[in-house]
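*Asks:* Okay, handing you the structure first.
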Amino acid sequence: MKSVKITKKYIITKYDKEDFELFKNELFFYLLAKQKKLNYVPKIIHYDCDKLTIKTENVGISLQEYCDEYGCDFEKYFIPKIKKIYDQFSKFGYYHNDIRLKNIVVNPKTKKIYLIDFEFTDKEYKDADDESIVKNLKRNFRNKSKRKIKSKRKMKSKHR
């Protein structure tokens with residue numbers, strides 16, 4: 001189990017001792033993001049391996065909260081942004097495995113999105129995808145690929 005304290009500037013996550021492996025995984029990915037300068041992961045401010053705490057910057061609200069409060073065109077506006085982040089993250093050889101609206105944070109002013117909650121991230125894909133976000137990412141990509149192929153065929157036929 002973990003507890004989360006949210007302030008205006010920071011998010012402080014504290015893990016119980018029995019969740020040490022989850023803490024290590026989460027910490028690893030925040031440190032990886034810092035090293036690789038991944039701008040779609042909130043900056044890590046501080047961590048304490050004895051107290052099992054991680055402090056990150058507070059960059060916004062969950063996508064679920066955002067859509068509930070402001071309304072959103074999820075399929076058209078956010079799926080392409082999530083797909084871009086998902087693909088960039090996968091290039092490192094890892095799968096988030098917990099892509100949920102609560103684990104995607106959006107800054108309400110800039111609409112920039114961030115990925116959080118890396119406890120289940122692994123080199124193996126194991127996502128239950130119960131919100132069908134990954135399925136939507138794949139479907140969105142397939143549809144775009146089909147449109148590109150059709151448009152290339154049309155251009156070739158015009159030039160003949």
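The way I read the labels, and the way they are meant: chains A, B, ... in the order of the structure tokens, residue 1 as the first residue of every chain, and ligand 1 as the first ligand shown, with later ones counted on from there.
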Just the residues within 7 Å of Pro42 (chain A), please, counting only C-alpha atoms, with nothing from its chain fewer than 5 positions along; format it as a PDB file with N, CA and C atoms, in the first residue's frame.
*Replies:*
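So the final result, stored in out-v4.pdb, reads:
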ATOM      1  N   THR A  56       7.843  14.346  -6.309  1.00  0.00           N
ATOM      2  CA  THR A  56       7.908  14.831  -7.687  1.00  0.00           C
ATOM      3  C   THR A  56       7.164  16.156  -7.779  1.00  0.00           C
ATOM      4  N   GLU A  57       7.390  16.864  -8.866  1.00  0.00           N
ATOM      5  CA  GLU A  57       6.648  18.105  -9.060  1.00  0.00           C
ATOM      6  C   GLU A  57       5.198  17.787  -9.401  1.00  0.00           C
ATOM      7  N   VAL A  59       2.373  18.531 -11.687  1.00  0.00           N
ATOM      8  CA  VAL A  59       2.272  19.140 -13.018  1.00  0.00           C
ATOM      9  C   VAL A  59       0.835  19.345 -13.489  1.00  0.00           C
ATOM     10  N   TYR A 114       1.470  14.150 -19.185  1.00  0.00           N
ATOM     11  CA  TYR A 114       2.576  13.476 -18.514  1.00  0.00           C
ATOM     12  C   TYR A 114       2.140  12.064 -18.140  1.00  0.00           C
TER      13      TYR A 114
END
*Asks:* If DSSP is run on the backbone, what residues of chain A are strand (DSSP E)? A reply as a list in words would be ideal.
*Replies:* Lys2, Ser3, Val4, Lys5, Ile6, Tyr10, Ile11, Ile12, Thr13, Lys14, Tyr15, Ile44, Ile45, His46, Tyr47, Asp48, Thr53, Ile54, Lys55, Thr56, Glu57, Ile61, Ser62, Ile104, Val105, Val106, Ile113, Tyr114 and Leu115 of chain A
*Asks:* Just checking: using only C-alpha atoms, which residue out of A:Lys123, A:Lys112, A:Lys5, A:Lys135 ends up closest to Gly60 (chain A)?
*Replies:*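 Closest to Gly60 (chain A), using only C-alpha atoms: A:Lys112.
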*Asks:* Pick out the closest residue to Asp19 (chain A) from this set: A:Cys72, A:Tyr40, A:Glu119, A:Val105. Count only C-alpha atoms.
*Replies:*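 The answer is A:Glu119, which sits nearest to Asp19 (chain A).
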*Asks:* Of the candidates A:Glu18, A:Asp87, A:Asp127, A:Glu26, which one gets nearest to Lys55 (chain A) if we count only C-alpha atoms?
*Replies:*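 The shortest atom-to-atom distance to Lys55 (chain A) comes from A:Glu26.
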*Asks:* Let's see if you can do this: from backbone DSSP, list all alpha helix (DSSP H) residues in region 20-141 of chain A, as a count of residues only.
*Replies:* 46
*Asks:* Quick one: distance from CA of Met1 (chain A) to CA of Glu69 (chain A) in Å, one decimal?
*Replies:*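 Interatomic distance here is 28.2 Å.
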